[in-house]
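Reading through the structure tokens given below for one structure.
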Amino acid sequence: MLTKRIIACLDVRAGKLAKSVKFVDTKDIGDPIKAAREYYEDGLDELVFYDITASSDERGIMLNVVEKVAAQIYIPFSVGGGIRNVEDANKLLGAGAEKINVNSAAVQRPELISECALAIGSQNTVLSMDILKLKESREFPSGYEIVIDGGRKRTSIDALEWALRGEELGAGELVINSIDADGTRNGYEIALTRMIAEAVSIPVIASGGAGKPEHIFEVLTAGKADAALVASMVHYGDYSVRELKEWLQSRGINVRLRY
Amino acid sequence: MIVIIDYDAGNLRSVQRACEKVGLVSEISSDPERILQAEKIIFPGVGSAESAMETLKKRGLDNAIVDFSRSGRPVLGICLGLQIMLDHTEEGNKKCLGMVSGACERFRFTERTLKIPHIGWNDIQIKYAHPVLKNIKDGDQFYFVHSYYAKLVHETEMVSSTEYGNMNFCSILAKDNLFATQFHLEKSGELGLKILRSFGDWKP
């Protein structure tokens, strides 16, 4: 039986592990290479790296860090942030990632999704969506809007519409990242996750807001997510990956515990 | 020397790194001559079978892999590598290498809750003991990413099956000197590395 996945997300800025709250107040909190190793040994199912740096100098550091991490973890490794074309994707693949997360650049140029799917396979092309909650309206029938550039820029694109479009263009998985919940540790945005998970036929990864094991349980059951992304709750040492998985197993969620 | 076959299948470095980790010396090559000289070959794969078959043909690797396997030396197929060993794939309606009798078909589910691709960690039910699985237990979990699965003509070539939806598809196949996994053993943590280590020791 297919297990539910626990994915740790490392936001990396200039080679350092960082964490924001609602996409702002980003702080450096540690060494991403050390964290990756620790989570791997603890039974993490997958690792995501987000490059949240802006300058080209820092991008070089990122490739270096990706390479170092890839050399010591033997689980799926996905990288996102600043990927504008197939060439960027291939550079990251060359450094040792196997999945690529596209985000803002795909909103600006949707063909990026199909180009990546063709070049590296749909299964390795992940569409990551940053989503803002609004009131339902004619413009936003789902009540959620896609935002880009780290949450700074609104797009007038309805979130559900974009999720369906992404699937059609060849994305193999979707990351549903709620800006309202990011870093709050108050729980995932369940209604949003469920709405998208029920509408698409590709796997959905819930992101933003995990603070307690109960939150993960909720998004994997009521939220219908296939995987849950965690950040703050493991980075700050509140819970270990193993503890989270054992707790979920005890509540009847099928997770990977033999490794 | 183990040669990892390079046909632009993406995850070559991951496979080579996993080899390094378990102490196997490997080389990535797309040269048919190098392949024919190898002790063992690893035939990895990510992406579409259609473009993979085209690249294999263009580089003369299709014949090299088949000739190598006829020599009786060990071959390890991973994911797409397993699928291309069969006669045919529905993906792009392509003829494959014909090393194992069977064809690849796409998952089809009527139940909407079942996602395609089948992505994530799933367990294997072992049908019979195989030397490459000496350190693996029934129920161990591995990492899968695929939309197509192998339908074998000979049931005896299915070493393990895995359940997805109402299906029990072939997750490991073996035939003489061929051994192939539908899952990515290079991405399946320490248990995947154990399989790779045993492949290194395997003398079929």
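Chain labels run A, B, ... following the order of the structure tokens; each chain numbers its residues from 1, and ligands are numbered from 1 in the order shown.
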(request) Can you pull out every residue within 10 Å of Val153 in chain B, counting only C-alpha atoms, but drop anything in the same chain fewer than 5 positions away, and send it as a ChimeraX atom specification? (result) /B:86,100-103,158
(request) List every residue of range 12-233 of chain A that DSSP, applied to the backbone, labels as strand (DSSP E), and write the result as a PyMOL selection string. (result) chain A and resi 12-13+16-21+24-30+46-51+77-80+99-102+125-133+144-148+153-158+173-178+204-207+227-230
(message) Quick check: residues of chain B within 10 Å of chain A, only C-alpha atoms, returned as a PyMOL selection string.
(response) chain B and resi 8-15+17-18+20-21+46-48+51+112-124+139-147+162-165+184-193
(request) Could you tell me which of B:Lys127, B:Ile136, B:Lys40, B:Cys96 comes closest to Pro204 in chain B if we count only C-alpha atoms? (result)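 Looking only at the distances to Pro204 in chain B, the closest residue turns out to be B:Lys40.
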(request) Would you mind reading off the distance between CA of Val22 in chain B and CA of Val69 in chain A, one decimal, in Å? (result)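 For CA of Val22 in chain B relative to CA of Val69 in chain A, the distance reads 17.3 Å.
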Distance query Ile126 in chain B at most 7 Å, only C-alpha atoms, self and fewer than 2 positions along chain excluded, as a PDB file with all heavy atoms, in the first residue's frame:
```pdb
ATOM      1  N   ILE B 124       6.794  -4.133  -1.138  1.00  0.00           N
ATOM      2  CA  ILE B 124       6.848  -5.230  -2.105  1.00  0.00           C
ATOM      3  C   ILE B 124       6.475  -6.551  -1.426  1.00  0.00           C
ATOM      4  O   ILE B 124       6.793  -6.770  -0.256  1.00  0.00           O
ATOM      5  CB  ILE B 124       8.246  -5.352  -2.765  1.00  0.00           C
ATOM      6  CG1 ILE B 124       9.356  -5.657  -1.734  1.00  0.00           C
ATOM      7  CG2 ILE B 124       8.607  -4.083  -3.524  1.00  0.00           C
ATOM      8  CD1 ILE B 124      10.687  -6.074  -2.350  1.00  0.00           C
ATOM      9  N   TYR B 128       9.490 -15.124  -4.519  1.00  0.00           N
ATOM     10  CA  TYR B 128      10.502 -16.169  -4.266  1.00  0.00           C
ATOM     11  C   TYR B 128      11.857 -15.521  -3.984  1.00  0.00           C
ATOM     12  O   TYR B 128      12.088 -14.370  -4.360  1.00  0.00           O
ATOM     13  CB  TYR B 128      10.576 -17.178  -5.425  1.00  0.00           C
ATOM     14  CG  TYR B 128      10.956 -16.617  -6.776  1.00  0.00           C
ATOM     15  CD1 TYR B 128      12.290 -16.499  -7.171  1.00  0.00           C
ATOM     16  CD2 TYR B 128       9.969 -16.226  -7.694  1.00  0.00           C
ATOM     17  CE1 TYR B 128      12.628 -16.010  -8.425  1.00  0.00           C
ATOM     18  CE2 TYR B 128      10.299 -15.735  -8.944  1.00  0.00           C
ATOM     19  CZ  TYR B 128      11.637 -15.631  -9.297  1.00  0.00           C
ATOM     20  OH  TYR B 128      11.971 -15.134 -10.540  1.00  0.00           O
ATOM     21  N   ASP B 138      10.129  -9.257   3.034  1.00  0.00           N
ATOM     22  CA  ASP B 138       8.786  -9.059   2.507  1.00  0.00           C
ATOM     23  C   ASP B 138       8.182  -7.830   3.204  1.00  0.00           C
ATOM     24  O   ASP B 138       8.301  -7.699   4.420  1.00  0.00           O
ATOM     25  CB  ASP B 138       7.973 -10.318   2.863  1.00  0.00           C
ATOM     26  CG  ASP B 138       6.826 -10.538   1.915  1.00  0.00           C
ATOM     27  OD1 ASP B 138       7.021 -10.324   0.704  1.00  0.00           O
ATOM     28  OD2 ASP B 138       5.744 -10.916   2.379  1.00  0.00           O
ATOM     29  N   VAL B 159       9.490 -11.444  -9.468  1.00  0.00           N
ATOM     30  CA  VAL B 159      10.080 -11.747  -8.161  1.00  0.00           C
ATOM     31  C   VAL B 159       9.278 -11.094  -7.038  1.00  0.00           C
ATOM     32  O   VAL B 159       9.192 -11.613  -5.932  1.00  0.00           O
ATOM     33  CB  VAL B 159      11.552 -11.273  -8.090  1.00  0.00           C
ATOM     34  CG1 VAL B 159      12.193 -11.680  -6.780  1.00  0.00           C
ATOM     35  CG2 VAL B 159      12.339 -11.839  -9.252  1.00  0.00           C
ATOM     36  N   SER B 160       8.719  -9.914  -7.330  1.00  0.00           N
ATOM     37  CA  SER B 160       7.889  -9.279  -6.313  1.00  0.00           C
ATOM     38  C   SER B 160       6.764  -8.515  -6.995  1.00  0.00           C
ATOM     39  O   SER B 160       6.892  -8.095  -8.146  1.00  0.00           O
ATOM     40  CB  SER B 160       8.702  -8.328  -5.439  1.00  0.00           C
ATOM     41  OG  SER B 160       8.881  -7.095  -6.090  1.00  0.00           O
ATOM     42  N   SER B 161       5.677  -8.362  -6.247  1.00  0.00           N
ATOM     43  CA  SER B 161       4.585  -7.549  -6.765  1.00  0.00           C
ATOM     44  C   SER B 161       4.323  -6.424  -5.770  1.00  0.00           C
ATOM     45  O   SER B 161       4.735  -6.485  -4.603  1.00  0.00           O
ATOM     46  CB  SER B 161       3.324  -8.392  -6.951  1.00  0.00           C
ATOM     47  OG  SER B 161       2.806  -8.754  -5.695  1.00  0.00           O
TER      48      SER B 161
END
```
(message) One decimal, in Å: what's the spacing between CA of Val79 in chain A and CA of Ile196 in chain A?
(response) 22.3 Å
(request) Could you give me, as a ChimeraX atom specification, the residues within 12 Å of His88 in chain B, counting only C-alpha atoms and dropping anything in the same chain fewer than 6 positions from it? (result) /B:49-50,53,82,94-105,148-153
Could you write those residues out with N, CA, C and O atoms, as a PDB file, in the first residue's frame?
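This went into again.pdb:
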```
ATOM      1  N   ALA B  49       9.547   6.440 -22.343  1.00  0.00           N
ATOM      2  CA  ALA B  49      10.084   5.274 -23.038  1.00  0.00           C
ATOM      3  C   ALA B  49      10.303   5.601 -24.504  1.00  0.00           C
ATOM      4  O   ALA B  49      11.249   5.136 -25.135  1.00  0.00           O
ATOM      5  N   GLU B  50       9.420   6.442 -25.011  1.00  0.00           N
ATOM      6  CA  GLU B  50       9.481   6.794 -26.416  1.00  0.00           C
ATOM      7  C   GLU B  50      10.814   7.450 -26.773  1.00  0.00           C
ATOM      8  O   GLU B  50      11.539   6.985 -27.642  1.00  0.00           O
ATOM      9  N   MET B  53      13.897   5.066 -26.185  1.00  0.00           N
ATOM     10  CA  MET B  53      14.170   4.100 -27.250  1.00  0.00           C
ATOM     11  C   MET B  53      14.850   4.772 -28.442  1.00  0.00           C
ATOM     12  O   MET B  53      15.763   4.215 -29.046  1.00  0.00           O
ATOM     13  N   LEU B  82      13.709  -1.217 -16.562  1.00  0.00           N
ATOM     14  CA  LEU B  82      12.919  -2.458 -16.491  1.00  0.00           C
ATOM     15  C   LEU B  82      11.931  -2.496 -17.667  1.00  0.00           C
ATOM     16  O   LEU B  82      11.824  -3.488 -18.384  1.00  0.00           O
ATOM     17  N   LYS B  94       5.759   1.892 -28.737  1.00  0.00           N
ATOM     18  CA  LYS B  94       7.113   1.604 -29.212  1.00  0.00           C
ATOM     19  C   LYS B  94       7.499   0.147 -28.994  1.00  0.00           C
ATOM     20  O   LYS B  94       7.176  -0.442 -27.962  1.00  0.00           O
ATOM     21  N   LYS B  95       8.246  -0.378 -29.934  1.00  0.00           N
ATOM     22  CA  LYS B  95       8.861  -1.695 -29.784  1.00  0.00           C
ATOM     23  C   LYS B  95      10.052  -1.498 -28.837  1.00  0.00           C
ATOM     24  O   LYS B  95      10.788  -0.520 -28.951  1.00  0.00           O
ATOM     25  N   CYS B  96      10.229  -2.400 -27.881  1.00  0.00           N
ATOM     26  CA  CYS B  96      11.360  -2.272 -26.951  1.00  0.00           C
ATOM     27  C   CYS B  96      12.402  -3.354 -27.221  1.00  0.00           C
ATOM     28  O   CYS B  96      12.454  -3.893 -28.312  1.00  0.00           O
ATOM     29  N   LEU B  97      13.236  -3.657 -26.217  1.00  0.00           N
ATOM     30  CA  LEU B  97      14.391  -4.514 -26.486  1.00  0.00           C
ATOM     31  C   LEU B  97      14.074  -6.011 -26.564  1.00  0.00           C
ATOM     32  O   LEU B  97      14.894  -6.784 -27.028  1.00  0.00           O
ATOM     33  N   GLY B  98      12.927  -6.431 -26.068  1.00  0.00           N
ATOM     34  CA  GLY B  98      12.539  -7.836 -26.199  1.00  0.00           C
ATOM     35  C   GLY B  98      13.413  -8.821 -25.422  1.00  0.00           C
ATOM     36  O   GLY B  98      13.572  -9.967 -25.831  1.00  0.00           O
ATOM     37  N   MET B  99      13.997  -8.399 -24.299  1.00  0.00           N
ATOM     38  CA  MET B  99      14.822  -9.303 -23.500  1.00  0.00           C
ATOM     39  C   MET B  99      13.968 -10.139 -22.544  1.00  0.00           C
ATOM     40  O   MET B  99      14.398 -11.182 -22.063  1.00  0.00           O
ATOM     41  N   VAL B 100      12.779  -9.641 -22.244  1.00  0.00           N
ATOM     42  CA  VAL B 100      11.843 -10.335 -21.357  1.00  0.00           C
ATOM     43  C   VAL B 100      10.472 -10.286 -22.045  1.00  0.00           C
ATOM     44  O   VAL B 100      10.094  -9.231 -22.564  1.00  0.00           O
ATOM     45  N   SER B 101       9.764 -11.418 -22.044  1.00  0.00           N
ATOM     46  CA  SER B 101       8.466 -11.442 -22.728  1.00  0.00           C
ATOM     47  C   SER B 101       7.411 -10.671 -21.944  1.00  0.00           C
ATOM     48  O   SER B 101       7.177 -10.963 -20.773  1.00  0.00           O
ATOM     49  N   GLY B 102       6.802  -9.701 -22.607  1.00  0.00           N
ATOM     50  CA  GLY B 102       5.768  -8.917 -21.945  1.00  0.00           C
ATOM     51  C   GLY B 102       5.676  -7.533 -22.548  1.00  0.00           C
ATOM     52  O   GLY B 102       6.409  -7.194 -23.467  1.00  0.00           O
ATOM     53  N   ALA B 103       4.756  -6.742 -22.006  1.00  0.00           N
ATOM     54  CA  ALA B 103       4.550  -5.395 -22.523  1.00  0.00           C
ATOM     55  C   ALA B 103       4.243  -4.448 -21.374  1.00  0.00           C
ATOM     56  O   ALA B 103       3.861  -4.865 -20.279  1.00  0.00           O
ATOM     57  N   CYS B 104       4.451  -3.175 -21.646  1.00  0.00           N
ATOM     58  CA  CYS B 104       4.187  -2.154 -20.641  1.00  0.00           C
ATOM     59  C   CYS B 104       2.860  -1.480 -20.928  1.00  0.00           C
ATOM     60  O   CYS B 104       2.601  -1.103 -22.067  1.00  0.00           O
ATOM     61  N   GLU B 105       2.061  -1.346 -19.915  1.00  0.00           N
ATOM     62  CA  GLU B 105       0.775  -0.677 -20.084  1.00  0.00           C
ATOM     63  C   GLU B 105       0.635   0.463 -19.104  1.00  0.00           C
ATOM     64  O   GLU B 105       1.271   0.463 -18.061  1.00  0.00           O
ATOM     65  N   TYR B 148       3.420   3.770 -16.007  1.00  0.00           N
ATOM     66  CA  TYR B 148       3.289   2.530 -16.776  1.00  0.00           C
ATOM     67  C   TYR B 148       3.837   1.385 -15.929  1.00  0.00           C
ATOM     68  O   TYR B 148       4.680   1.598 -15.053  1.00  0.00           O
ATOM     69  N   TYR B 149       3.344   0.179 -16.178  1.00  0.00           N
ATOM     70  CA  TYR B 149       3.818  -0.981 -15.428  1.00  0.00           C
ATOM     71  C   TYR B 149       3.989  -2.171 -16.373  1.00  0.00           C
ATOM     72  O   TYR B 149       3.381  -2.219 -17.449  1.00  0.00           O
ATOM     73  N   ALA B 150       4.802  -3.126 -15.940  1.00  0.00           N
ATOM     74  CA  ALA B 150       5.123  -4.281 -16.779  1.00  0.00           C
ATOM     75  C   ALA B 150       4.088  -5.382 -16.610  1.00  0.00           C
ATOM     76  O   ALA B 150       3.727  -5.728 -15.488  1.00  0.00           O
ATOM     77  N   LYS B 151       3.630  -5.900 -17.742  1.00  0.00           N
ATOM     78  CA  LYS B 151       2.767  -7.085 -17.725  1.00  0.00           C
ATOM     79  C   LYS B 151       3.582  -8.214 -18.336  1.00  0.00           C
ATOM     80  O   LYS B 151       3.876  -8.202 -19.543  1.00  0.00           O
ATOM     81  N   LEU B 152       3.978  -9.161 -17.495  1.00  0.00           N
ATOM     82  CA  LEU B 152       4.870 -10.226 -17.969  1.00  0.00           C
ATOM     83  C   LEU B 152       4.078 -11.389 -18.546  1.00  0.00           C
ATOM     84  O   LEU B 152       2.969 -11.692 -18.097  1.00  0.00           O
ATOM     85  N   VAL B 153       4.671 -12.046 -19.534  1.00  0.00           N
ATOM     86  CA  VAL B 153       4.046 -13.243 -20.102  1.00  0.00           C
ATOM     87  C   VAL B 153       4.262 -14.413 -19.136  1.00  0.00           C
ATOM     88  O   VAL B 153       3.365 -15.204 -18.883  1.00  0.00           O
TER      89      VAL B 153
END
```
(message) Give me the residues near Ser71 in chain B as a PyMOL selection string, where near means some atom within 12 Å (using only C-alpha atoms) and where sequence neighbours in that chain fewer than 5 positions away do not count.
(response) chain B and resi 35-41+64-66+176-178+204
(request) Rank nothing, just name the residue among B:Asp31, B:Asn166, B:Arg108, B:Gly45 nearest to Met85 in chain B, using only C-alpha atoms. (result)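 Closest to Met85 in chain B of all the choices is B:Gly45.
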(message) Rounded to one decimal, what separation in Å do you get between CA of Val175 in chain A and CA of Gly92 in chain B?
(response)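 Value for the CA of Val175 in chain A-CA of Gly92 in chain B distance: 28.4 Å.
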Surrounding residues of Gly77 in chain B excluding itself and chain neighbours under 6 positions, 10 Å, only C-alpha atoms, as an mmCIF file with C-alpha atoms, in the first residue's frame:
```
data_model
loop_
_atom_site.group_PDB
_atom_site.id
_atom_site.type_symbol
_atom_site.label_atom_id
_atom_site.label_comp_id
_atom_site.auth_asym_id
_atom_site.auth_seq_id
_atom_site.Cartn_x
_atom_site.Cartn_y
_atom_site.Cartn_z
ATOM 1 C CA ILE B 41 25.825 -3.032 -16.519
ATOM 2 C CA ILE B 42 23.235 -0.826 -14.903
ATOM 3 C CA PHE B 43 20.447 0.320 -17.160
ATOM 4 C CA PRO B 44 18.737 3.186 -15.307
ATOM 5 C CA GLY B 45 15.872 5.282 -16.468
ATOM 6 C CA GLN B 83 10.167 -1.369 -18.863
ATOM 7 C CA ILE B 84 12.455 -1.183 -21.895
ATOM 8 C CA MET B 85 13.599 -4.797 -21.348
ATOM 9 C CA ILE B 172 10.843 -6.652 -9.491
ATOM 10 C CA LEU B 173 11.519 -8.959 -12.389
ATOM 11 C CA ALA B 174 14.347 -11.445 -12.843
ATOM 12 C CA LEU B 178 18.692 -9.957 -15.684
ATOM 13 C CA PHE B 179 17.375 -8.247 -12.552
ATOM 14 C CA ALA B 180 15.202 -5.150 -12.677
ATOM 15 C CA THR B 181 13.211 -3.018 -10.261
ATOM 16 C CA GLN B 182 10.272 -0.790 -11.100
ATOM 17 C CA PHE B 183 11.197 1.368 -8.089
ATOM 18 C CA HIS B 184 14.211 3.652 -7.837
#
```
(message) Report as a ChimeraX atom specification all protein, DNA and RNA residues lying within 12 Å of Leu248 in chain A, evaluated on only C-alpha atoms, omitting residues in the same chain fewer than 4 positions from it.
(response) /A:3-6,212-221,228,241-244,252-257
For N, CA and C atoms, I'd like the residues from the last selection saved as a tab-separated table (two decimals), in the first residue's frame.
```
chain	number	residue	atom	x	y	z
A	3	THR	N	2.31	4.69	0.83
A	3	THR	CA	2.31	5.42	2.10
A	3	THR	C	2.12	6.92	1.85
A	4	LYS	N	1.73	7.61	2.88
A	4	LYS	CA	1.71	9.07	2.82
A	4	LYS	C	3.14	9.54	3.08
A	5	ARG	N	3.55	10.57	2.39
A	5	ARG	CA	4.94	11.04	2.50
A	5	ARG	C	5.08	12.24	3.43
A	6	ILE	N	6.17	12.25	4.19
A	6	ILE	CA	6.55	13.44	4.95
A	6	ILE	C	7.77	14.04	4.26
A	212	LYS	N	1.99	21.05	14.56
A	212	LYS	CA	1.78	19.91	15.45
A	212	LYS	C	1.48	18.68	14.59
A	213	PRO	N	1.74	17.48	15.15
A	213	PRO	CA	1.44	16.26	14.38
A	213	PRO	C	-0.03	16.21	13.96
A	214	GLU	N	-0.92	16.74	14.79
A	214	GLU	CA	-2.35	16.75	14.46
A	214	GLU	C	-2.63	17.48	13.14
A	215	HIS	N	-1.86	18.53	12.89
A	215	HIS	CA	-2.05	19.28	11.64
A	215	HIS	C	-1.76	18.40	10.43
A	216	ILE	N	-0.71	17.59	10.55
A	216	ILE	CA	-0.35	16.71	9.43
A	216	ILE	C	-1.44	15.67	9.24
A	217	PHE	N	-1.90	15.12	10.35
A	217	PHE	CA	-2.98	14.12	10.30
A	217	PHE	C	-4.19	14.71	9.57
A	218	GLU	N	-4.53	15.91	9.94
A	218	GLU	CA	-5.70	16.56	9.38
A	218	GLU	C	-5.57	16.79	7.86
A	219	VAL	N	-4.40	17.23	7.42
A	219	VAL	CA	-4.27	17.54	5.99
A	219	VAL	C	-4.17	16.26	5.15
A	220	LEU	N	-3.67	15.18	5.76
A	220	LEU	CA	-3.58	13.91	5.03
A	220	LEU	C	-4.91	13.17	5.00
A	221	THR	N	-5.82	13.52	5.90
A	221	THR	CA	-7.14	12.87	5.92
A	221	THR	C	-8.20	13.84	5.36
A	228	ALA	N	2.76	15.64	3.03
A	228	ALA	CA	2.75	16.87	3.82
A	228	ALA	C	4.17	17.41	3.93
A	241	VAL	N	11.59	13.81	12.72
A	241	VAL	CA	10.82	13.19	11.63
A	241	VAL	C	10.28	11.84	12.10
A	242	ARG	N	11.12	11.11	12.81
A	242	ARG	CA	10.72	9.78	13.30
A	242	ARG	C	9.49	9.88	14.24
A	243	GLU	N	9.57	10.84	15.15
A	243	GLU	CA	8.44	11.04	16.08
A	243	GLU	C	7.14	11.32	15.35
A	244	LEU	N	7.24	12.20	14.34
A	244	LEU	CA	6.03	12.55	13.57
A	244	LEU	C	5.44	11.32	12.90
A	252	GLY	N	-3.25	5.59	12.58
A	252	GLY	CA	-3.80	4.84	11.44
A	252	GLY	C	-3.39	5.35	10.07
A	253	ILE	N	-2.44	6.29	10.02
A	253	ILE	CA	-1.93	6.75	8.71
A	253	ILE	C	-0.79	5.81	8.31
A	254	ASN	N	-0.84	5.34	7.08
A	254	ASN	CA	0.20	4.43	6.60
A	254	ASN	C	1.43	5.25	6.19
A	255	VAL	N	2.51	5.10	6.97
A	255	VAL	CA	3.76	5.82	6.65
A	255	VAL	C	4.92	4.83	6.59
A	256	ARG	N	6.05	5.27	6.07
A	256	ARG	CA	7.22	4.39	5.97
A	256	ARG	C	8.00	4.45	7.27
A	257	LEU	N	8.10	3.31	7.93
A	257	LEU	CA	8.86	3.28	9.19
A	257	LEU	C	10.01	2.28	9.16
```
